[in-house]
Amino acid sequence: MKLMIIGLGLIGGSMAMALRNYPELECTAVTRNEVTRAEALQQGIIKAAWPTPEEAPIESQDMLMLCLPPDACITFIEKHARRMRAGAILTDVCGVKQPLKAAIDTQKPHNYIYLGGHPMAGKERGSFANANPDLYRGCHYILVPDDDVPESAIKTMRQLVHFIGGADTIITTPKEHDERIGYTSQLMHIMALALCDQKLLFNSYGFEGGSFRGATRVAALDPELWNELFWANRETLADLIQDLRNSLTVYEDLLRGKDRDALLSQLRVSSDRKKEFDALRGLDKPRAPLY
């Protein structure tokens with residue numbers, strides 16, 4: 001299979017590394033960074049590389065994987081997707097799906113197969129220098145198939161996910177993806193950023209424990225990338241922030257009130273919801289590793 005990765009940053013570079021020994025795979029890449037191209041070729045994780053899509057042999061590929069920010073993905077789709085041969089798979093790793101689906105829909109009918117993807121993995125620091133072949137070990141891999149995607153294409157993606165060490169594949173729709181990711185990822189980044197805006201941040205050295213480090217870890221993000229992700233999903237994310245504000249107000253009112261038992265009752269409600277969620281995931285029982 002001929003796979004071309006468009007973008008060799010953290011995600012694309014890690015994907016190329018993880019797929020290095022995939023049977024009968026010819027992996028190539030497009031990346032503007034000359035140093036990255038040289039390093040990837042020297043390490044043997046790709047067979048060839050080109051600085052721009054215009055120069056790359058997109059027409060001969062069995063699969064293209066877009067490892068780019070949302071706006072760049074849309075631009076690539078608009079300019080180059082129709083160059084793909086009939087039956088080739090176009091996938092991506094983008095953190096929002098509705099804008100990409102809209103771009104794909106403007107090209108219908110088309111001969112290529114669009115099967116969106118999103119590995120639930122990453123780091124605070126991007127770039128090929130931080131790429132790691134184990135990045136996807138134990139992660140969920142979300143698949144967002146376009147209408148009428150053949151089962152063979154989904155099977156191919158599942159085989160790739162299994163090979164890179166993914167825990168499982170989750171099938172969903174663009175709308176459901178963006179709502180769920182808005183809650184589990186984007187809102188978590190907003191919370192981390194808001195915590196780092198608190199006046200006590202720089203007076204807290206030596207007082208921070210695991211809960212603080214965990215809650216603020218993702219605040220050290222790439223502002224340009226996350227600006228794109230937030231903006232592409234802004235209505236959903238704004239609604240989620242409103243819901244969070246309402247929940248925080250409940251606790252604020254209880255803390256300013258005089259009913260300690262009411263606070264205890266609310267703590268139990270919230271804690272029990274987390275425990276129920278963990279039970280649904282099987283985290284309340286001993287289990288084998290995810291990979």
# chains A, B, ... in the order shown; residues from 1 in each chain; ligands from 1
$ select_by_dssp --residues "region 87-209 of chain A" --states "helix (DSSP H, G or I)" --output "ChimeraX atom specification"
/A:98-105,128-130,151-163,174-196,201-203
$ write_last_selection --atoms "N, CA and C atoms" --output "short mmCIF file (atom, residue, chain, number, x, y, z; two decimals), in the first residue's frame"
data_model
loop_
_atom_site.label_atom_id
_atom_site.label_comp_id
_atom_site.auth_asym_id
_atom_site.auth_seq_id
_atom_site.Cartn_x
_atom_site.Cartn_y
_atom_site.Cartn_z
N GLN A 98 -16.73 18.77 11.27
CA GLN A 98 -17.79 19.36 10.45
C GLN A 98 -17.25 20.29 9.35
N PRO A 99 -16.25 21.13 9.62
CA PRO A 99 -15.72 21.97 8.53
C PRO A 99 -15.09 21.15 7.41
N LEU A 100 -14.40 20.05 7.76
CA LEU A 100 -13.80 19.21 6.73
C LEU A 100 -14.88 18.51 5.91
N LYS A 101 -15.91 18.03 6.59
CA LYS A 101 -17.02 17.36 5.88
C LYS A 101 -17.68 18.33 4.91
N ALA A 102 -17.82 19.59 5.32
CA ALA A 102 -18.42 20.58 4.43
C ALA A 102 -17.56 20.79 3.19
N ALA A 103 -16.24 20.80 3.36
CA ALA A 103 -15.34 20.95 2.22
C ALA A 103 -15.43 19.74 1.29
N ILE A 104 -15.52 18.54 1.87
CA ILE A 104 -15.64 17.33 1.07
C ILE A 104 -16.95 17.35 0.28
N ASP A 105 -18.02 17.79 0.92
CA ASP A 105 -19.34 17.77 0.27
C ASP A 105 -19.40 18.68 -0.95
N PHE A 128 8.23 17.69 14.55
CA PHE A 128 8.82 16.38 14.30
C PHE A 128 9.84 16.01 15.37
N ALA A 129 10.50 17.01 15.94
CA ALA A 129 11.51 16.75 16.98
C ALA A 129 10.92 16.05 18.19
N ASN A 130 9.62 16.21 18.42
CA ASN A 130 8.96 15.58 19.57
C ASN A 130 8.17 14.33 19.19
N GLU A 151 -16.90 -0.98 3.58
CA GLU A 151 -16.37 -1.63 4.78
C GLU A 151 -14.89 -1.95 4.63
N SER A 152 -14.44 -2.17 3.40
CA SER A 152 -13.04 -2.47 3.18
C SER A 152 -12.14 -1.31 3.59
N ALA A 153 -12.60 -0.07 3.39
CA ALA A 153 -11.81 1.09 3.79
C ALA A 153 -11.73 1.20 5.31
N ILE A 154 -12.86 0.95 5.98
CA ILE A 154 -12.87 0.97 7.44
C ILE A 154 -11.96 -0.13 7.98
N LYS A 155 -11.99 -1.30 7.35
CA LYS A 155 -11.12 -2.41 7.76
C LYS A 155 -9.65 -2.02 7.62
N THR A 156 -9.31 -1.34 6.53
CA THR A 156 -7.93 -0.91 6.33
C THR A 156 -7.48 0.02 7.44
N MET A 157 -8.32 0.99 7.79
CA MET A 157 -7.98 1.93 8.86
C MET A 157 -7.85 1.21 10.20
N ARG A 158 -8.73 0.26 10.44
CA ARG A 158 -8.67 -0.48 11.71
C ARG A 158 -7.38 -1.29 11.79
N GLN A 159 -6.93 -1.82 10.70
CA GLN A 159 -5.67 -2.56 10.69
C GLN A 159 -4.50 -1.63 11.01
N LEU A 160 -4.51 -0.44 10.45
CA LEU A 160 -3.46 0.53 10.75
C LEU A 160 -3.48 0.92 12.22
N VAL A 161 -4.68 1.16 12.74
CA VAL A 161 -4.82 1.55 14.16
C VAL A 161 -4.31 0.44 15.06
N HIS A 162 -4.65 -0.80 14.74
CA HIS A 162 -4.17 -1.93 15.54
C HIS A 162 -2.65 -2.01 15.52
N PHE A 163 -2.07 -1.78 14.35
CA PHE A 163 -0.62 -1.90 14.21
C PHE A 163 0.11 -0.84 15.03
N PRO A 174 -19.72 13.48 12.11
CA PRO A 174 -19.03 14.75 12.33
C PRO A 174 -19.63 15.59 13.45
N LYS A 175 -20.94 15.69 13.52
CA LYS A 175 -21.58 16.50 14.56
C LYS A 175 -21.31 15.93 15.94
N GLU A 176 -21.50 14.62 16.09
CA GLU A 176 -21.27 13.98 17.39
C GLU A 176 -19.80 14.09 17.78
N HIS A 177 -18.91 13.93 16.81
CA HIS A 177 -17.48 14.06 17.10
C HIS A 177 -17.16 15.43 17.68
N ASP A 178 -17.63 16.48 17.02
CA ASP A 178 -17.28 17.83 17.45
C ASP A 178 -17.89 18.18 18.81
N GLU A 179 -19.07 17.64 19.10
CA GLU A 179 -19.67 17.89 20.41
C GLU A 179 -18.90 17.16 21.51
N ARG A 180 -18.58 15.89 21.29
CA ARG A 180 -17.88 15.10 22.31
C ARG A 180 -16.45 15.62 22.52
N ILE A 181 -15.76 15.93 21.43
CA ILE A 181 -14.39 16.44 21.55
C ILE A 181 -14.41 17.84 22.15
N GLY A 182 -15.46 18.60 21.87
CA GLY A 182 -15.60 19.89 22.53
C GLY A 182 -15.59 19.74 24.05
N TYR A 183 -16.23 18.69 24.52
CA TYR A 183 -16.31 18.45 25.97
C TYR A 183 -15.03 17.82 26.52
N THR A 184 -14.56 16.73 25.88
CA THR A 184 -13.46 15.96 26.47
C THR A 184 -12.09 16.57 26.22
N SER A 185 -11.96 17.43 25.21
CA SER A 185 -10.66 17.98 24.87
C SER A 185 -10.63 19.50 24.91
N GLN A 186 -11.44 20.13 24.07
CA GLN A 186 -11.36 21.59 23.96
C GLN A 186 -11.73 22.29 25.27
N LEU A 187 -12.79 21.83 25.92
CA LEU A 187 -13.18 22.43 27.20
C LEU A 187 -12.09 22.22 28.25
N MET A 188 -11.42 21.08 28.21
CA MET A 188 -10.34 20.83 29.17
C MET A 188 -9.19 21.82 28.95
N HIS A 189 -8.93 22.15 27.70
CA HIS A 189 -7.88 23.14 27.42
C HIS A 189 -8.30 24.53 27.88
N ILE A 190 -9.57 24.87 27.69
CA ILE A 190 -10.08 26.15 28.19
C ILE A 190 -9.94 26.23 29.70
N MET A 191 -10.28 25.15 30.40
CA MET A 191 -10.16 25.13 31.86
C MET A 191 -8.71 25.32 32.29
N ALA A 192 -7.79 24.62 31.60
CA ALA A 192 -6.37 24.74 31.94
C ALA A 192 -5.88 26.16 31.73
N LEU A 193 -6.29 26.78 30.62
CA LEU A 193 -5.91 28.16 30.34
C LEU A 193 -6.46 29.10 31.40
N ALA A 194 -7.72 28.90 31.76
CA ALA A 194 -8.35 29.78 32.76
C ALA A 194 -7.67 29.66 34.12
N LEU A 195 -7.25 28.46 34.48
CA LEU A 195 -6.53 28.28 35.75
C LEU A 195 -5.20 29.03 35.73
N CYS A 196 -4.56 29.07 34.55
CA CYS A 196 -3.28 29.78 34.45
C CYS A 196 -3.46 31.30 34.37
N LEU A 201 -1.08 32.13 40.24
CA LEU A 201 -0.23 31.21 39.49
C LEU A 201 1.25 31.33 39.85
N PHE A 202 1.81 32.53 39.78
CA PHE A 202 3.25 32.70 39.95
C PHE A 202 3.68 32.74 41.42
N ASN A 203 2.71 32.68 42.31
CA ASN A 203 3.02 32.62 43.74
C ASN A 203 2.83 31.21 44.31
#
$ residues_around --residues "Ala40 (chain A)" --least-positions-apart "6" --cutoff "9 Å" --atoms "only C-alpha atoms" --output "ChimeraX atom specification"
/A:8,13,16-17,46-49,128
$ residues_around --residues "Leu19 (chain A)" --least-positions-apart "5" --cutoff "9 Å" --atoms "only C-alpha atoms" --output "ChimeraX atom specification"
/A:14,25,27,45,133,160,163-164
$ write_last_selection --atoms "N, CA and C atoms" --output "PDB file, in the first residue's frame"
ATOM      1  N   SER A  14       4.968  11.037  14.180  1.00  0.00           N
ATOM      2  CA  SER A  14       4.753   9.864  15.039  1.00  0.00           C
ATOM      3  C   SER A  14       4.052   8.755  14.274  1.00  0.00           C
ATOM      4  N   LEU A  25       4.140  -1.713   3.141  1.00  0.00           N
ATOM      5  CA  LEU A  25       3.760  -0.300   3.137  1.00  0.00           C
ATOM      6  C   LEU A  25       4.903   0.544   2.567  1.00  0.00           C
ATOM      7  N   CYS A  27       5.696   4.274   2.603  1.00  0.00           N
ATOM      8  CA  CYS A  27       5.280   5.517   3.243  1.00  0.00           C
ATOM      9  C   CYS A  27       6.128   6.676   2.735  1.00  0.00           C
ATOM     10  N   ILE A  45      12.147   6.300   8.006  1.00  0.00           N
ATOM     11  CA  ILE A  45      10.721   6.137   8.310  1.00  0.00           C
ATOM     12  C   ILE A  45       9.847   6.492   7.110  1.00  0.00           C
ATOM     13  N   PRO A 133       7.277   7.006  18.172  1.00  0.00           N
ATOM     14  CA  PRO A 133       6.521   5.887  17.599  1.00  0.00           C
ATOM     15  C   PRO A 133       5.507   5.285  18.564  1.00  0.00           C
ATOM     16  N   LEU A 160      -4.509  -0.436  10.448  1.00  0.00           N
ATOM     17  CA  LEU A 160      -3.461   0.535  10.747  1.00  0.00           C
ATOM     18  C   LEU A 160      -3.484   0.918  12.220  1.00  0.00           C
ATOM     19  N   PHE A 163      -2.069  -1.777  14.348  1.00  0.00           N
ATOM     20  CA  PHE A 163      -0.617  -1.902  14.214  1.00  0.00           C
ATOM     21  C   PHE A 163       0.112  -0.837  15.027  1.00  0.00           C
ATOM     22  N   ILE A 164      -0.400   0.383  15.075  1.00  0.00           N
ATOM     23  CA  ILE A 164       0.282   1.452  15.814  1.00  0.00           C
ATOM     24  C   ILE A 164       0.016   1.375  17.314  1.00  0.00           C
TER      25      ILE A 164
END
$ residues_around --residues "Pro119 (chain A)" --least-positions-apart "6" --cutoff "12 Å" --atoms "only C-alpha atoms" --output "VMD selection string"
chain A and resid 11 to 12 14 to 15 67 91 to 96 135 to 144 157 to 158 160 to 162 164 to 170 177 181
$ decode --residues "region 172-277 of chain A" --atoms "C-alpha atoms" --output "short mmCIF file (atom, residue, chain, number, x, y, z; two decimals), in the first residue's frame"
data_model
loop_
_atom_site.label_atom_id
_atom_site.label_comp_id
_atom_site.auth_asym_id
_atom_site.auth_seq_id
_atom_site.Cartn_x
_atom_site.Cartn_y
_atom_site.Cartn_z
CA THR A 172 -19.21 8.44 14.94
CA THR A 173 -20.62 11.32 12.87
CA PRO A 174 -19.03 14.75 12.33
CA LYS A 175 -21.58 16.50 14.56
CA GLU A 176 -21.27 13.98 17.39
CA HIS A 177 -17.48 14.06 17.10
CA ASP A 178 -17.28 17.83 17.45
CA GLU A 179 -19.67 17.89 20.41
CA ARG A 180 -17.88 15.10 22.31
CA ILE A 181 -14.39 16.44 21.55
CA GLY A 182 -15.60 19.89 22.53
CA TYR A 183 -16.31 18.45 25.97
CA THR A 184 -13.46 15.96 26.47
CA SER A 185 -10.66 17.98 24.87
CA GLN A 186 -11.36 21.59 23.96
CA LEU A 187 -13.18 22.43 27.20
CA MET A 188 -10.34 20.83 29.17
CA HIS A 189 -7.88 23.14 27.42
CA ILE A 190 -10.08 26.15 28.19
CA MET A 191 -10.16 25.13 31.86
CA ALA A 192 -6.37 24.74 31.94
CA LEU A 193 -5.91 28.16 30.34
CA ALA A 194 -8.35 29.78 32.76
CA LEU A 195 -6.53 28.28 35.75
CA CYS A 196 -3.28 29.78 34.45
CA ASP A 197 -4.98 33.19 34.29
CA GLN A 198 -5.56 33.11 38.07
CA LYS A 199 -3.61 35.68 40.07
CA LEU A 200 -2.02 33.03 42.32
CA LEU A 201 -0.23 31.21 39.49
CA PHE A 202 3.25 32.70 39.95
CA ASN A 203 3.02 32.62 43.74
CA SER A 204 2.34 28.89 43.85
CA TYR A 205 5.76 27.38 43.19
CA GLY A 206 6.38 24.66 45.78
CA PHE A 207 2.67 24.32 46.53
CA GLU A 208 1.67 22.52 43.35
CA GLY A 209 0.87 18.80 43.48
CA GLY A 210 -0.34 16.24 41.00
CA SER A 211 -3.82 17.69 40.76
CA PHE A 212 -2.50 21.13 39.80
CA ARG A 213 0.02 19.76 37.32
CA GLY A 214 -2.61 17.54 35.74
CA ALA A 215 -5.22 20.29 35.56
CA THR A 216 -2.88 22.83 33.93
CA ARG A 217 -0.66 20.54 31.80
CA VAL A 218 -2.34 21.25 28.47
CA ALA A 219 -2.28 25.03 28.95
CA ALA A 220 1.22 25.03 27.42
CA LEU A 221 -0.38 24.66 24.00
CA ASP A 222 0.26 25.94 20.49
CA PRO A 223 -1.91 29.12 20.40
CA GLU A 224 -2.20 29.24 16.60
CA LEU A 225 -3.36 25.62 16.31
CA TRP A 226 -5.83 25.80 19.18
CA ASN A 227 -7.19 29.11 17.96
CA GLU A 228 -8.17 27.27 14.77
CA LEU A 229 -9.70 24.35 16.67
CA PHE A 230 -11.65 26.55 19.08
CA TRP A 231 -12.91 28.83 16.31
CA ALA A 232 -14.01 25.95 14.09
CA ASN A 233 -16.13 24.59 16.96
CA ARG A 234 -16.92 27.89 18.67
CA GLU A 235 -20.71 27.59 19.09
CA THR A 236 -20.50 24.14 20.67
CA LEU A 237 -17.58 25.15 22.86
CA ALA A 238 -19.29 28.34 24.03
CA ASP A 239 -22.35 26.28 25.07
CA LEU A 240 -20.13 23.88 26.99
CA ILE A 241 -18.43 26.77 28.79
CA GLN A 242 -21.87 28.08 29.79
CA ASP A 243 -22.77 24.64 31.20
CA LEU A 244 -19.49 24.59 33.14
CA ARG A 245 -20.11 28.09 34.46
CA ASN A 246 -23.52 26.96 35.74
CA SER A 247 -21.94 24.00 37.54
CA LEU A 248 -19.26 26.20 39.11
CA THR A 249 -21.94 28.62 40.26
CA VAL A 250 -23.65 25.80 42.14
CA TYR A 251 -20.47 25.19 44.12
CA GLU A 252 -19.83 28.89 44.64
CA ASP A 253 -23.33 29.37 46.05
CA LEU A 254 -22.93 26.38 48.36
CA LEU A 255 -19.57 27.64 49.65
CA ARG A 256 -21.00 31.09 50.32
CA GLY A 257 -24.03 29.62 52.03
CA LYS A 258 -24.46 28.24 55.53
CA ASP A 259 -25.52 24.66 54.79
CA ARG A 260 -22.47 22.41 55.05
CA ASP A 261 -24.58 19.28 54.55
CA ALA A 262 -25.84 20.65 51.23
CA LEU A 263 -22.23 20.97 50.07
CA LEU A 264 -21.54 17.39 51.14
CA SER A 265 -24.60 16.23 49.22
CA GLN A 266 -23.44 17.95 46.04
CA LEU A 267 -19.93 16.52 46.43
CA ARG A 268 -21.43 13.06 46.62
CA VAL A 269 -23.57 13.63 43.52
CA SER A 270 -20.61 14.78 41.42
CA SER A 271 -18.26 12.13 42.78
CA ASP A 272 -20.79 9.36 42.19
CA ARG A 273 -21.18 10.46 38.56
CA LYS A 274 -17.43 10.09 38.05
CA LYS A 275 -17.43 6.67 39.71
CA GLU A 276 -20.35 5.57 37.53
CA PHE A 277 -18.49 6.74 34.42
#
